[in-house]
>>> print(open('input_24.txt').read())   # compact mmCIF, C-alpha atoms
# COMPACT_ATOMS: atom_id res chain seq x y z
CA MET A 741 -93.92 -57.31 -52.08
CA ASP A 742 -93.87 -57.40 -55.81
CA GLU A 743 -95.48 -54.07 -56.59
CA ASP A 744 -93.54 -51.58 -58.64
CA VAL A 745 -91.72 -49.03 -56.51
CA SER A 746 -90.56 -46.88 -59.39
CA GLY A 747 -92.09 -43.44 -59.43
CA THR A 748 -92.71 -43.30 -55.68
CA VAL A 749 -90.53 -40.67 -54.05
CA LYS A 750 -90.54 -40.58 -50.27
CA LYS A 751 -88.63 -38.44 -47.84
CA PHE A 752 -86.06 -40.69 -46.16
CA MET A 753 -84.07 -39.44 -43.21
CA PHE A 754 -81.14 -41.35 -41.79
CA VAL A 755 -80.47 -40.31 -38.20
CA ASN A 756 -76.88 -40.85 -37.07
CA ARG A 757 -76.45 -40.54 -33.32
CA LYS A 758 -73.53 -42.89 -32.71
CA ALA A 759 -69.79 -42.45 -32.87
CA PRO A 760 -67.75 -44.44 -35.41
CA TYR A 761 -65.58 -47.51 -34.51
CA GLY A 762 -66.90 -48.15 -30.96
CA THR A 763 -69.86 -49.89 -32.58
CA ILE A 764 -70.58 -50.89 -36.18
CA TYR A 765 -73.77 -48.82 -36.54
CA ALA A 766 -72.16 -45.84 -38.28
CA LEU A 767 -70.43 -47.96 -40.90
CA GLU A 768 -73.44 -50.15 -41.69
CA SER A 769 -75.71 -47.09 -41.72
CA LEU A 770 -73.58 -45.62 -44.48
CA GLU A 771 -74.03 -48.82 -46.49
CA VAL A 772 -77.82 -48.35 -46.42
CA VAL A 773 -77.45 -44.72 -47.42
CA LEU A 774 -75.40 -45.70 -50.48
CA ILE A 775 -78.00 -48.30 -51.51
CA SER A 776 -80.85 -45.83 -51.04
CA ALA A 777 -79.28 -43.65 -53.75
CA ALA A 778 -80.23 -46.28 -56.33
CA PHE A 779 -83.92 -45.86 -55.49
CA ASP A 780 -84.11 -42.14 -56.37
CA GLN A 781 -85.64 -41.13 -53.06
CA ASP A 782 -85.43 -37.76 -51.32
CA VAL A 783 -82.63 -38.71 -48.91
CA SER A 784 -81.23 -36.63 -46.08
CA LEU A 785 -78.68 -37.51 -43.42
CA VAL A 786 -78.67 -35.91 -40.01
CA PHE A 787 -75.89 -36.09 -37.46
CA CYS A 788 -76.56 -35.36 -33.84
CA ASP A 789 -75.23 -36.44 -30.44
CA ASP A 790 -72.12 -38.65 -30.87
CA GLY A 791 -73.04 -39.05 -34.54
CA VAL A 792 -71.20 -35.80 -35.27
CA TYR A 793 -67.92 -37.61 -34.52
CA GLN A 794 -68.48 -39.64 -37.71
CA LEU A 795 -67.66 -36.51 -39.71
CA LYS A 796 -64.52 -35.46 -37.80
CA LYS A 797 -61.52 -34.69 -40.01
CA GLY A 798 -58.29 -36.63 -39.68
CA GLN A 799 -59.53 -40.11 -38.76
CA GLN A 800 -56.55 -42.53 -38.78
CA THR A 801 -57.54 -46.10 -38.03
CA LYS A 802 -54.35 -47.95 -38.90
CA ALA A 803 -53.06 -48.38 -35.36
CA ALA A 804 -56.50 -49.46 -34.14
CA GLY A 805 -56.60 -52.01 -36.95
CA MET A 806 -60.04 -50.98 -38.20
CA LYS A 807 -61.45 -49.93 -41.55
CA ASN A 808 -61.51 -46.17 -42.03
CA PHE A 809 -64.82 -45.48 -43.71
CA SER A 810 -64.79 -41.70 -43.29
CA PRO A 811 -63.65 -41.04 -46.91
CA THR A 812 -67.01 -42.48 -48.03
CA PHE A 813 -68.74 -39.34 -46.74
CA ARG A 814 -66.83 -37.35 -49.33
CA ALA A 815 -68.05 -39.72 -52.06
CA LEU A 816 -71.74 -39.22 -51.23
CA GLU A 817 -71.99 -36.27 -53.58
CA GLY A 818 -71.24 -38.63 -56.47
CA TYR A 819 -74.32 -40.60 -55.47
CA ASP A 820 -76.44 -37.43 -55.50
CA ILE A 821 -76.73 -37.52 -51.72
CA GLU A 822 -76.09 -33.92 -50.85
CA LYS A 823 -78.33 -33.17 -47.89
CA LEU A 824 -76.16 -33.53 -44.82
CA TYR A 825 -77.33 -31.78 -41.67
CA VAL A 826 -75.51 -31.41 -38.37
CA GLU A 827 -77.11 -30.29 -35.13
CA LYS A 828 -75.46 -27.14 -33.80
CA GLU A 829 -76.06 -28.02 -30.13
CA SER A 830 -74.35 -31.42 -30.52
CA LEU A 831 -71.30 -29.89 -32.21
CA GLU A 832 -70.95 -27.22 -29.53
CA ALA A 833 -71.36 -29.70 -26.69
CA ARG A 834 -68.35 -31.57 -28.09
CA GLY A 835 -66.14 -28.53 -28.62
CA LEU A 836 -66.31 -28.89 -32.40
CA THR A 837 -67.08 -26.42 -35.19
CA GLU A 838 -67.99 -26.83 -38.85
CA ASP A 839 -64.28 -26.46 -39.71
CA ASP A 840 -63.55 -29.72 -37.92
CA LEU A 841 -65.76 -31.68 -40.33
CA LEU A 842 -64.53 -33.50 -43.42
CA VAL A 843 -67.47 -32.66 -45.71
CA ASP A 844 -69.69 -29.69 -46.43
CA VAL A 845 -72.75 -29.80 -44.22
CA THR A 846 -75.57 -27.53 -43.19
CA VAL A 847 -75.41 -26.76 -39.48
CA MET A 848 -78.83 -26.21 -37.93
CA SER A 849 -80.42 -25.78 -34.53
CA SER A 850 -82.37 -28.56 -32.77
CA ALA A 851 -85.57 -26.68 -33.53
CA GLU A 852 -84.81 -26.56 -37.25
CA MET A 853 -83.83 -30.23 -37.22
CA ALA A 854 -87.06 -31.08 -35.42
CA ASP A 855 -89.06 -29.27 -38.12
CA MET A 856 -87.30 -31.25 -40.80
CA MET A 857 -87.72 -34.55 -38.97
CA ALA A 858 -91.46 -33.97 -38.64
CA GLU A 859 -91.79 -33.69 -42.43
CA GLN A 860 -90.23 -37.09 -43.20
CA ASP A 861 -92.03 -40.19 -44.46
CA VAL A 862 -89.41 -42.66 -43.27
CA VAL A 863 -86.97 -42.07 -40.43
CA ILE A 864 -84.29 -44.73 -40.09
CA SER A 865 -82.01 -44.64 -37.08
CA PHE A 866 -79.16 -46.90 -36.08
CA MET B 100 -94.92 -37.59 -34.83
CA LEU B 101 -94.23 -40.54 -32.55
CA HIS B 102 -90.89 -40.70 -30.74
CA ILE B 103 -89.87 -44.04 -29.26
CA VAL B 104 -87.20 -44.19 -26.55
CA ASN B 105 -85.94 -47.54 -25.25
CA LYS B 106 -82.98 -46.37 -23.15
CA SER B 107 -82.78 -45.75 -19.43
CA PRO B 108 -82.29 -42.01 -18.84
CA PHE B 109 -79.73 -42.90 -16.18
CA GLU B 110 -77.51 -44.57 -18.76
CA ARG B 111 -77.93 -42.77 -22.07
CA ASN B 112 -78.97 -39.38 -23.45
CA SER B 113 -81.59 -40.72 -25.91
CA LEU B 114 -84.56 -39.29 -24.02
CA GLU B 115 -82.77 -35.98 -23.50
CA SER B 116 -82.12 -35.67 -27.25
CA CYS B 117 -85.65 -36.76 -28.03
CA MET B 118 -87.09 -34.10 -25.70
CA ARG B 119 -84.89 -31.48 -27.39
CA MET B 120 -86.53 -32.27 -30.74
CA ALA B 121 -90.06 -33.31 -29.77
CA GLN B 122 -92.52 -30.76 -31.09
CA GLU B 123 -95.79 -29.62 -29.66
CA GLY B 124 -98.52 -32.17 -30.20
CA SER B 125 -96.15 -35.11 -30.64
CA THR B 126 -96.07 -38.30 -28.59
CA ILE B 127 -93.18 -39.90 -26.71
CA LEU B 128 -93.44 -43.63 -26.05
CA LEU B 129 -91.09 -45.21 -23.52
CA THR B 130 -90.29 -48.91 -24.03
CA GLU B 131 -87.81 -51.48 -22.70
CA ASP B 132 -85.32 -49.79 -20.31
CA GLY B 133 -86.79 -46.46 -21.41
CA VAL B 134 -89.69 -47.04 -19.02
CA PHE B 135 -87.49 -46.12 -16.04
CA ALA B 136 -87.92 -42.51 -17.22
CA VAL B 137 -91.59 -42.43 -16.22
CA THR B 138 -91.09 -43.66 -12.66
CA LYS B 139 -91.57 -41.29 -9.74
CA GLY B 140 -88.54 -39.63 -8.20
CA GLY B 141 -86.35 -40.38 -11.22
CA VAL B 142 -84.04 -38.12 -13.16
CA SER B 143 -86.59 -37.40 -15.93
CA GLU B 144 -89.71 -36.76 -13.86
CA LYS B 145 -89.48 -32.99 -13.86
CA ALA B 146 -88.60 -32.64 -17.55
CA LEU B 147 -91.38 -34.99 -18.62
CA LYS B 148 -93.96 -33.19 -16.49
CA ASN B 149 -92.87 -29.88 -18.01
CA LEU B 150 -93.16 -31.28 -21.52
CA MET B 151 -96.64 -32.65 -20.88
CA ALA B 152 -97.79 -29.32 -19.49
CA SER B 153 -96.02 -26.77 -21.69
CA LYS B 154 -95.68 -28.38 -25.10
CA LYS B 155 -98.80 -30.53 -24.90
CA ILE B 156 -96.69 -33.60 -25.55
CA SER B 157 -98.35 -36.89 -24.77
CA VAL B 158 -96.13 -39.29 -22.81
CA CYS B 159 -96.89 -43.01 -22.97
CA ALA B 160 -95.17 -46.07 -21.56
CA LEU B 161 -95.37 -49.74 -22.49
CA TRP B 162 -96.85 -51.36 -19.37
CA PRO B 163 -95.59 -54.90 -20.07
CA ASP B 164 -92.07 -53.46 -19.76
CA LEU B 165 -92.92 -51.55 -16.56
CA GLU B 166 -94.53 -54.65 -15.10
CA ALA B 167 -91.57 -56.86 -16.04
CA ARG B 168 -89.30 -54.50 -14.12
CA GLY B 169 -91.53 -54.25 -11.05
CA MET B 170 -92.15 -50.55 -11.63
CA ALA B 171 -95.81 -50.52 -12.74
CA ASP B 172 -97.06 -49.07 -9.45
CA ASN B 173 -94.61 -46.21 -9.43
CA VAL B 174 -95.53 -44.19 -12.50
CA ILE B 175 -95.71 -40.38 -12.80
CA ASP B 176 -99.25 -38.97 -13.03
CA GLY B 177 -100.37 -38.15 -16.56
CA VAL B 178 -98.39 -40.87 -18.29
CA LYS B 179 -100.59 -43.12 -20.42
CA MET B 180 -100.14 -46.87 -20.23
CA VAL B 181 -100.27 -48.83 -23.47
CA ASP B 182 -99.90 -52.50 -24.34
CA TYR B 183 -98.44 -53.73 -27.66
CA GLY B 184 -101.79 -53.14 -29.36
CA GLY B 185 -101.73 -49.56 -28.08
CA PHE B 186 -98.16 -49.27 -29.39
CA VAL B 187 -99.44 -50.30 -32.85
CA ASP B 188 -102.26 -47.73 -32.61
CA LEU B 189 -99.78 -44.98 -31.74
CA VAL B 190 -97.66 -45.80 -34.80
CA ALA B 191 -100.72 -46.01 -37.06
CA ASP B 192 -102.14 -42.72 -35.77
CA SER B 193 -98.87 -40.78 -36.15
CA ALA B 194 -97.74 -39.49 -39.55
CA ASN B 195 -94.22 -40.75 -38.91
CA VAL B 196 -92.09 -42.39 -36.27
CA GLN B 197 -88.52 -42.03 -35.01
CA SER B 198 -86.75 -44.48 -32.72
CA TRP B 199 -84.13 -42.79 -30.50
CA LEU B 200 -81.76 -45.73 -30.21
CA MET C 1068 -102.20 -50.41 -42.77
CA LYS C 1069 -98.94 -51.93 -44.04
CA PHE C 1070 -96.04 -52.04 -41.59
CA GLY C 1071 -92.39 -52.62 -42.30
CA ILE C 1072 -90.08 -53.53 -39.42
CA LEU C 1073 -86.32 -53.15 -39.06
CA VAL C 1074 -84.53 -55.23 -36.40
CA ASN C 1075 -80.99 -54.12 -35.58
CA GLU C 1076 -80.12 -56.39 -32.66
CA GLY C 1077 -79.57 -60.10 -32.20
CA PRO C 1078 -81.70 -62.37 -30.04
CA TYR C 1079 -81.37 -62.66 -26.23
CA THR C 1080 -78.69 -59.99 -25.64
CA HIS C 1081 -81.08 -57.11 -26.23
CA GLN C 1082 -84.85 -56.88 -25.88
CA ALA C 1083 -85.24 -55.09 -29.25
CA THR C 1084 -86.06 -58.25 -31.17
CA ASP C 1085 -88.66 -59.28 -28.55
CA THR C 1086 -90.33 -55.88 -28.79
CA ALA C 1087 -90.28 -56.06 -32.59
CA TYR C 1088 -91.92 -59.50 -32.46
CA GLN C 1089 -94.62 -58.39 -29.98
CA PHE C 1090 -95.29 -55.33 -32.13
CA ALA C 1091 -95.59 -57.43 -35.31
CA LYS C 1092 -97.92 -59.89 -33.62
CA ALA C 1093 -100.11 -57.13 -32.17
CA ALA C 1094 -100.29 -55.39 -35.56
CA ILE C 1095 -101.43 -58.60 -37.26
CA ASP C 1096 -103.95 -59.27 -34.46
CA LYS C 1097 -105.41 -55.83 -35.10
CA GLY C 1098 -105.92 -56.58 -38.78
CA HIS C 1099 -102.89 -54.72 -40.13
CA SER C 1100 -100.33 -56.42 -42.31
CA VAL C 1101 -96.63 -56.79 -41.63
CA ASP C 1102 -95.20 -57.26 -45.08
CA ARG C 1103 -91.55 -57.48 -44.26
CA VAL C 1104 -89.18 -57.69 -41.30
CA PHE C 1105 -85.65 -56.72 -42.29
CA PHE C 1106 -82.77 -57.94 -40.12
CA TYR C 1107 -79.64 -55.80 -40.07
CA HIS C 1108 -76.49 -55.36 -37.97
CA ASP C 1109 -76.44 -58.13 -35.29
CA GLY C 1110 -80.14 -58.55 -36.07
CA VAL C 1111 -79.07 -61.11 -38.68
CA ASN C 1112 -78.39 -63.53 -35.80
CA ASN C 1113 -82.16 -63.87 -35.38
CA SER C 1114 -82.03 -66.16 -38.42
CA SER C 1115 -79.51 -68.73 -37.22
CA ALA C 1116 -80.85 -72.27 -37.47
CA LEU C 1117 -78.16 -73.29 -34.95
CA THR C 1118 -79.86 -71.44 -32.09
CA GLU C 1119 -80.80 -73.74 -29.19
CA PRO C 1120 -82.22 -71.85 -26.20
CA PRO C 1121 -82.88 -73.63 -22.89
CA GLN C 1122 -86.31 -75.31 -22.78
CA ASP C 1123 -87.75 -72.91 -20.21
CA ASP C 1124 -86.99 -69.85 -22.36
CA ARG C 1125 -88.67 -68.49 -25.48
CA ASN C 1126 -87.34 -69.64 -28.83
CA ILE C 1127 -86.89 -66.33 -30.63
CA VAL C 1128 -85.81 -67.82 -33.96
CA ALA C 1129 -88.69 -70.33 -34.04
CA ARG C 1130 -91.11 -67.55 -33.14
CA TRP C 1131 -90.10 -65.57 -36.25
CA THR C 1132 -90.33 -68.70 -38.41
CA LYS C 1133 -93.86 -69.33 -37.15
CA LEU C 1134 -94.86 -65.73 -37.89
CA ALA C 1135 -93.64 -66.15 -41.47
CA GLU C 1136 -95.45 -69.46 -41.90
CA GLU C 1137 -98.76 -68.35 -40.44
CA HIS C 1138 -98.97 -64.79 -41.73
CA GLY C 1139 -96.76 -64.71 -44.81
CA VAL C 1140 -94.37 -62.20 -43.28
CA ASP C 1141 -91.28 -61.81 -45.49
CA LEU C 1142 -88.24 -62.24 -43.22
CA VAL C 1143 -85.23 -60.72 -44.99
CA VAL C 1144 -81.67 -60.96 -43.71
CA CYS C 1145 -79.12 -58.47 -45.05
CA VAL C 1146 -76.51 -60.36 -47.06
CA ALA C 1147 -73.52 -58.14 -46.23
CA ALA C 1148 -74.31 -58.06 -42.50
CA ALA C 1149 -75.00 -61.82 -42.53
CA LEU C 1150 -71.73 -62.79 -44.22
CA ARG C 1151 -69.81 -60.62 -41.71
CA ARG C 1152 -71.36 -62.64 -38.91
CA GLY C 1153 -71.25 -66.15 -40.33
CA ILE C 1154 -74.88 -66.48 -41.42
CA LYS C 1155 -75.29 -68.28 -44.75
CA ASP C 1156 -78.00 -70.24 -46.55
CA ASP C 1157 -76.45 -73.39 -44.97
CA ASN C 1158 -77.43 -72.32 -41.46
CA LEU C 1159 -80.46 -70.15 -42.20
CA ALA C 1160 -83.62 -70.97 -40.24
CA ALA C 1161 -86.86 -71.72 -42.08
CA GLY C 1162 -88.91 -68.74 -43.22
CA PHE C 1163 -85.92 -66.42 -43.62
CA ARG C 1164 -84.22 -65.41 -46.86
CA ILE C 1165 -80.94 -63.61 -47.47
CA SER C 1166 -81.04 -60.59 -49.73
CA GLY C 1167 -79.65 -57.11 -50.27
CA LEU C 1168 -80.09 -53.83 -48.44
CA GLY C 1169 -82.31 -52.63 -51.27
CA GLN C 1170 -85.05 -54.72 -49.65
CA LEU C 1171 -84.96 -52.40 -46.64
CA VAL C 1172 -85.25 -49.27 -48.75
CA GLU C 1173 -88.03 -50.92 -50.74
CA SER C 1174 -89.85 -51.72 -47.50
CA GLY C 1175 -89.59 -48.06 -46.52
CA ILE C 1176 -91.13 -47.07 -49.84
CA GLN C 1177 -93.91 -49.65 -49.91
CA SER C 1178 -95.04 -49.73 -46.29
CA ASP C 1179 -97.19 -47.07 -44.65
CA ARG C 1180 -94.89 -47.02 -41.62
CA LEU C 1181 -91.40 -48.40 -41.08
CA VAL C 1182 -90.63 -48.98 -37.41
CA VAL C 1183 -87.04 -49.44 -36.20
CA PHE C 1184 -86.13 -51.66 -33.24
CA GLY C 1185 -82.55 -51.61 -32.00
CA ASP C 1186 -80.05 -50.59 -29.35
>>> encode(input="input_24.txt", output="structure tokens")
Amino acid sequence: MDEDVSGTVKKFMFVNRKAPYGTIYALESLEVVLISAAFDQDVSLVFCDDGVYQLKKGQQTKAAGMKNFSPTFRALEGYDIEKLYVEKESLEARGLTEDDLLVDVTVMSSAEMADMMAEQDVVISF
Amino acid sequence: MLHIVNKSPFERNSLESCMRMAQEGSTILLTEDGVFAVTKGGVSEKALKNLMASKKISVCALWPDLEARGMADNVIDGVKMVDYGGFVDLVADSANVQSWL
Amino acid sequence: MKFGILVNEGPYTHQATDTAYQFAKAAIDKGHSVDRVFFYHDGVNNSSALTEPPQDDRNIVARWTKLAEEHGVDLVVCVAAALRRGIKDDNLAAGFRISGLGQLVESGIQSDRLVVFGD
């Protein structure tokens, strides 16, 4: 693949459905998101199911001896990644509200999220 | 849109989440342990039948995975069987694809 | 049509890499091209030259190598994920190369469809 990718703008959606720490997917997903910023694509992140736990305020990983990567979500804005969407049904099912989250997000219904998903060129899930 | 689910519905909620977001006219393909969803008498039978009827969603299953698990003779009516070539066709014919891992 | 493939799981533990391989092979058989397979998370373990499966089982690593040799598929292993898991150029199987995550994003841009296989 040696063709020039500059100028091509695709809609990339990263679907986060897994909780942090129990598995590495959330952390390594964030690494791809940060790299994607360098390619000037139309990037959006969605959080549904246990993925909403990635955005929970107050994560303290010292006693568990793991790397706390949650502050990175607050740095996304600096990478021009500003489209963060959280599924309302997933939040409610876990007894959480928007106030429990550590970054500004847009909360939307499953139906709205489905509409957005259907418009994407590339959907990457971990 | 093509939705791929590779998780048993008895173990994970991937299919449930997928069904919540699958729009009319889309396709759901069950692979790997996901194929247990299309077997008769299972936990997903009713929901899948409803989806096929009401939202005109096409439900497909990868038969090599059903066959490997001894479940090929026990599939819900209306579910389409595909091999890996059929899997490729489904991806090519859909505008985009999401894997519900 | 040009396909890109993302493999998120290692060999043998999970079927994801088998499904990805069967998909790639079927796509090529149908006249499509698979330009790149990107290995991420534990998927990087698909590239270990140290893998020695029992003789009566499939050799997943060798199967990928053969696909690269026969069809020019670019097998890319994520460098950060690989270093975390002890995969280096010293123990990298033939046909694979280690590179950055940008190769995955690039694959998403250049391919007509990017298909994800994982757990």
>>> residues_around(input="input_24.txt", residues="Phe1090 in chain C", least_positions_apart="3", cutoff="12 Å", atoms="all atoms listed in the file", output="VMD selection string")
(chain B and resid 130 161 181 to 191) or (chain C and resid 1070 to 1074 1083 to 1087 1093 to 1097 1099 to 1101 1104 1134 1181 to 1184)
>>> write_last_selection(input="input_24.txt", atoms="C-alpha atoms", output="PDB file, keeping the file's coordinate frame")
ATOM      1  CA  THR B 130     -90.290 -48.910 -24.030  1.00  0.00           C
ATOM      2  CA  LEU B 161     -95.370 -49.740 -22.490  1.00  0.00           C
ATOM      3  CA  VAL B 181    -100.270 -48.830 -23.470  1.00  0.00           C
ATOM      4  CA  ASP B 182     -99.900 -52.500 -24.340  1.00  0.00           C
ATOM      5  CA  TYR B 183     -98.440 -53.730 -27.660  1.00  0.00           C
ATOM      6  CA  GLY B 184    -101.790 -53.140 -29.360  1.00  0.00           C
ATOM      7  CA  GLY B 185    -101.730 -49.560 -28.080  1.00  0.00           C
ATOM      8  CA  PHE B 186     -98.160 -49.270 -29.390  1.00  0.00           C
ATOM      9  CA  VAL B 187     -99.440 -50.300 -32.850  1.00  0.00           C
ATOM     10  CA  ASP B 188    -102.260 -47.730 -32.610  1.00  0.00           C
ATOM     11  CA  LEU B 189     -99.780 -44.980 -31.740  1.00  0.00           C
ATOM     12  CA  VAL B 190     -97.660 -45.800 -34.800  1.00  0.00           C
ATOM     13  CA  ALA B 191    -100.720 -46.010 -37.060  1.00  0.00           C
TER      14      ALA B 191
ATOM     15  CA  PHE C1070     -96.040 -52.040 -41.590  1.00  0.00           C
ATOM     16  CA  GLY C1071     -92.390 -52.620 -42.300  1.00  0.00           C
ATOM     17  CA  ILE C1072     -90.080 -53.530 -39.420  1.00  0.00           C
ATOM     18  CA  LEU C1073     -86.320 -53.150 -39.060  1.00  0.00           C
ATOM     19  CA  VAL C1074     -84.530 -55.230 -36.400  1.00  0.00           C
ATOM     20  CA  ALA C1083     -85.240 -55.090 -29.250  1.00  0.00           C
ATOM     21  CA  THR C1084     -86.060 -58.250 -31.170  1.00  0.00           C
ATOM     22  CA  ASP C1085     -88.660 -59.280 -28.550  1.00  0.00           C
ATOM     23  CA  THR C1086     -90.330 -55.880 -28.790  1.00  0.00           C
ATOM     24  CA  ALA C1087     -90.280 -56.060 -32.590  1.00  0.00           C
ATOM     25  CA  ALA C1093    -100.110 -57.130 -32.170  1.00  0.00           C
ATOM     26  CA  ALA C1094    -100.290 -55.390 -35.560  1.00  0.00           C
ATOM     27  CA  ILE C1095    -101.430 -58.600 -37.260  1.00  0.00           C
ATOM     28  CA  ASP C1096    -103.950 -59.270 -34.460  1.00  0.00           C
ATOM     29  CA  LYS C1097    -105.410 -55.830 -35.100  1.00  0.00           C
ATOM     30  CA  HIS C1099    -102.890 -54.720 -40.130  1.00  0.00           C
ATOM     31  CA  SER C1100    -100.330 -56.420 -42.310  1.00  0.00           C
ATOM     32  CA  VAL C1101     -96.630 -56.790 -41.630  1.00  0.00           C
ATOM     33  CA  VAL C1104     -89.180 -57.690 -41.300  1.00  0.00           C
ATOM     34  CA  LEU C1134     -94.860 -65.730 -37.890  1.00  0.00           C
ATOM     35  CA  LEU C1181     -91.400 -48.400 -41.080  1.00  0.00           C
ATOM     36  CA  VAL C1182     -90.630 -48.980 -37.410  1.00  0.00           C
ATOM     37  CA  VAL C1183     -87.040 -49.440 -36.200  1.00  0.00           C
ATOM     38  CA  PHE C1184     -86.130 -51.660 -33.240  1.00  0.00           C
TER      39      PHE C1184
END
>>> closest_residue(input="input_24.txt", among="A:Glu822, A:Ala766, A:Ser776, A:Pro760", to="chain C", atoms="all atoms listed in the file")
A:Ser776
>>> closest_atom_pairs(input="input_24.txt", of="chain C", to="chain A", cutoff="9 Å", atoms="only C-alpha atoms", output="Markdown table")
| residue | atom | partner | partner_atom | distance |
| --- | --- | --- | --- | --- |
| C:Leu1073 | CA | A:Ile864 | CA | 8.7 |
| C:Asn1075 | CA | A:Phe866 | CA | 7.5 |
| C:Asp1102 | CA | A:Met741 | CA | 7.1 |
| C:Arg1103 | CA | A:Met741 | CA | 8.2 |
| C:Tyr1107 | CA | A:Glu768 | CA | 8.5 |
| C:His1108 | CA | A:Glu768 | CA | 7.1 |
| C:Asp1141 | CA | A:Met741 | CA | 8.4 |
| C:Ala1148 | CA | A:Glu768 | CA | 8.0 |
| C:Leu1168 | CA | A:Val772 | CA | 6.3 |
| C:Gly1169 | CA | A:Ile775 | CA | 6.1 |
| C:Leu1171 | CA | A:Val772 | CA | 8.2 |
| C:Val1172 | CA | A:Ser776 | CA | 6.0 |
| C:Glu1173 | CA | A:Val745 | CA | 7.1 |
| C:Ser1174 | CA | A:Met741 | CA | 8.3 |
| C:Gly1175 | CA | A:Val862 | CA | 6.3 |
| C:Ile1176 | CA | A:Lys750 | CA | 6.5 |
| C:Gln1177 | CA | A:Val745 | CA | 7.0 |
| C:Asp1179 | CA | A:Asp861 | CA | 8.6 |
| C:Arg1180 | CA | A:Val862 | CA | 7.2 |
| C:Leu1181 | CA | A:Val862 | CA | 6.5 |
| C:Val1182 | CA | A:Ile864 | CA | 8.1 |
| C:Val1183 | CA | A:Ile864 | CA | 6.7 |
| C:Phe1184 | CA | A:Phe866 | CA | 8.9 |
| C:Gly1185 | CA | A:Phe866 | CA | 7.1 |
| C:Asp1186 | CA | A:Phe866 | CA | 7.7 |
>>> closest_atom_pairs(input="input_24.txt", of="range 784-817 of chain A", to="range 845-856 of chain A", cutoff="10 Å", atoms="only C-alpha atoms", output="tab-separated table")
residue	atom	partner	partner_atom	distance
A:Ser784	CA	A:Met856	CA	9.7
A:Leu785	CA	A:Val845	CA	9.8
A:Val786	CA	A:Met853	CA	8.2
A:Phe787	CA	A:Val847	CA	9.6
A:Cys788	CA	A:Ser850	CA	9.0
A:Leu795	CA	A:Val845	CA	9.6
>>> closest_residue(input="input_24.txt", among="B:Glu131, B:Asp176, B:Arg168, B:Glu110", to="chain C", atoms="all atoms listed in the file")
B:Glu131
>>> closest_residue(input="input_24.txt", among="B:Ile175, B:Pro163, B:Gln197, B:Lys154", to="Gln1089 in chain C", atoms="all atoms listed in the file")
B:Pro163
>>> closest_atom_pairs(input="input_24.txt", of="chain B", to="chain A", cutoff="10 Å", atoms="all atoms listed in the file", output="Markdown table")
| residue | atom | partner | partner_atom | distance |
| --- | --- | --- | --- | --- |
| B:Met100 | CA | A:Ala858 | CA | 6.3 |
| B:Leu101 | CA | A:Ala858 | CA | 9.4 |
| B:Asn112 | CA | A:Asp789 | CA | 8.5 |
| B:Ser113 | CA | A:Asp789 | CA | 8.9 |
| B:Ser116 | CA | A:Asp789 | CA | 7.6 |
| B:Cys117 | CA | A:Ala854 | CA | 9.4 |
| B:Arg119 | CA | A:Ser850 | CA | 6.6 |
| B:Met120 | CA | A:Ala854 | CA | 4.9 |
| B:Ala121 | CA | A:Ala854 | CA | 6.8 |
| B:Gln122 | CA | A:Ala854 | CA | 7.0 |
| B:Ser125 | CA | A:Ala858 | CA | 9.3 |
| B:Ala194 | CA | A:Asp861 | CA | 7.6 |
| B:Asn195 | CA | A:Asp861 | CA | 6.0 |
| B:Val196 | CA | A:Val863 | CA | 6.6 |
| B:Gln197 | CA | A:Val863 | CA | 5.6 |
| B:Ser198 | CA | A:Ser865 | CA | 6.4 |
| B:Trp199 | CA | A:Ser865 | CA | 7.2 |
| B:Leu200 | CA | A:Phe866 | CA | 6.5 |
>>> residues_around(input="input_24.txt", residues="Met151 in chain B", least_positions_apart="5", cutoff="10 Å", atoms="only C-alpha atoms", output="PyMOL selection string")
chain B and resi 123-124+126-127+146+156-158+177-178
>>> write_last_selection(input="input_24.txt", atoms="C-alpha atoms", output="PDB file, in the frame of the given file")
ATOM      1  CA  GLU B 123     -95.790 -29.620 -29.660  1.00  0.00           C
ATOM      2  CA  GLY B 124     -98.520 -32.170 -30.200  1.00  0.00           C
ATOM      3  CA  THR B 126     -96.070 -38.300 -28.590  1.00  0.00           C
ATOM      4  CA  ILE B 127     -93.180 -39.900 -26.710  1.00  0.00           C
ATOM      5  CA  ALA B 146     -88.600 -32.640 -17.550  1.00  0.00           C
ATOM      6  CA  ILE B 156     -96.690 -33.600 -25.550  1.00  0.00           C
ATOM      7  CA  SER B 157     -98.350 -36.890 -24.770  1.00  0.00           C
ATOM      8  CA  VAL B 158     -96.130 -39.290 -22.810  1.00  0.00           C
ATOM      9  CA  GLY B 177    -100.370 -38.150 -16.560  1.00  0.00           C
ATOM     10  CA  VAL B 178     -98.390 -40.870 -18.290  1.00  0.00           C
TER      11      VAL B 178
END
>>> atom_distance(input="input_24.txt", atom1="CA of Leu816 in chain A", atom2="CA of Gly791 in chain A")
16.7 Å
>>> atom_distance(input="input_24.txt", atom1="CA of Val826 in chain A", atom2="CA of Val792 in chain A")
6.9 Å
>>> residues_around(input="input_24.txt", residues="Val1128 in chain C", least_positions_apart="5", cutoff="9 Å", atoms="only C-alpha atoms", output="list in words")
Pro1078, Asn1112, Asn1113, Ser1114, Ser1115, Ala1116, Thr1118, Lys1133 and Ala1160 of chain C
>>> closest_residue(input="input_24.txt", among="C:Asn1126, C:Ser1178, C:Trp1131, C:Arg1152", to="chain B", atoms="all atoms listed in the file")
C:Ser1178
>>> closest_residue(input="input_24.txt", among="B:Asp132, B:Val174, B:Lys145, B:Leu150", to="Met118 in chain B", atoms="all atoms listed in the file")
B:Leu150
>>> atom_distance(input="input_24.txt", atom1="CA of Trp162 in chain B", atom2="CA of Ser143 in chain B")
17.7 Å
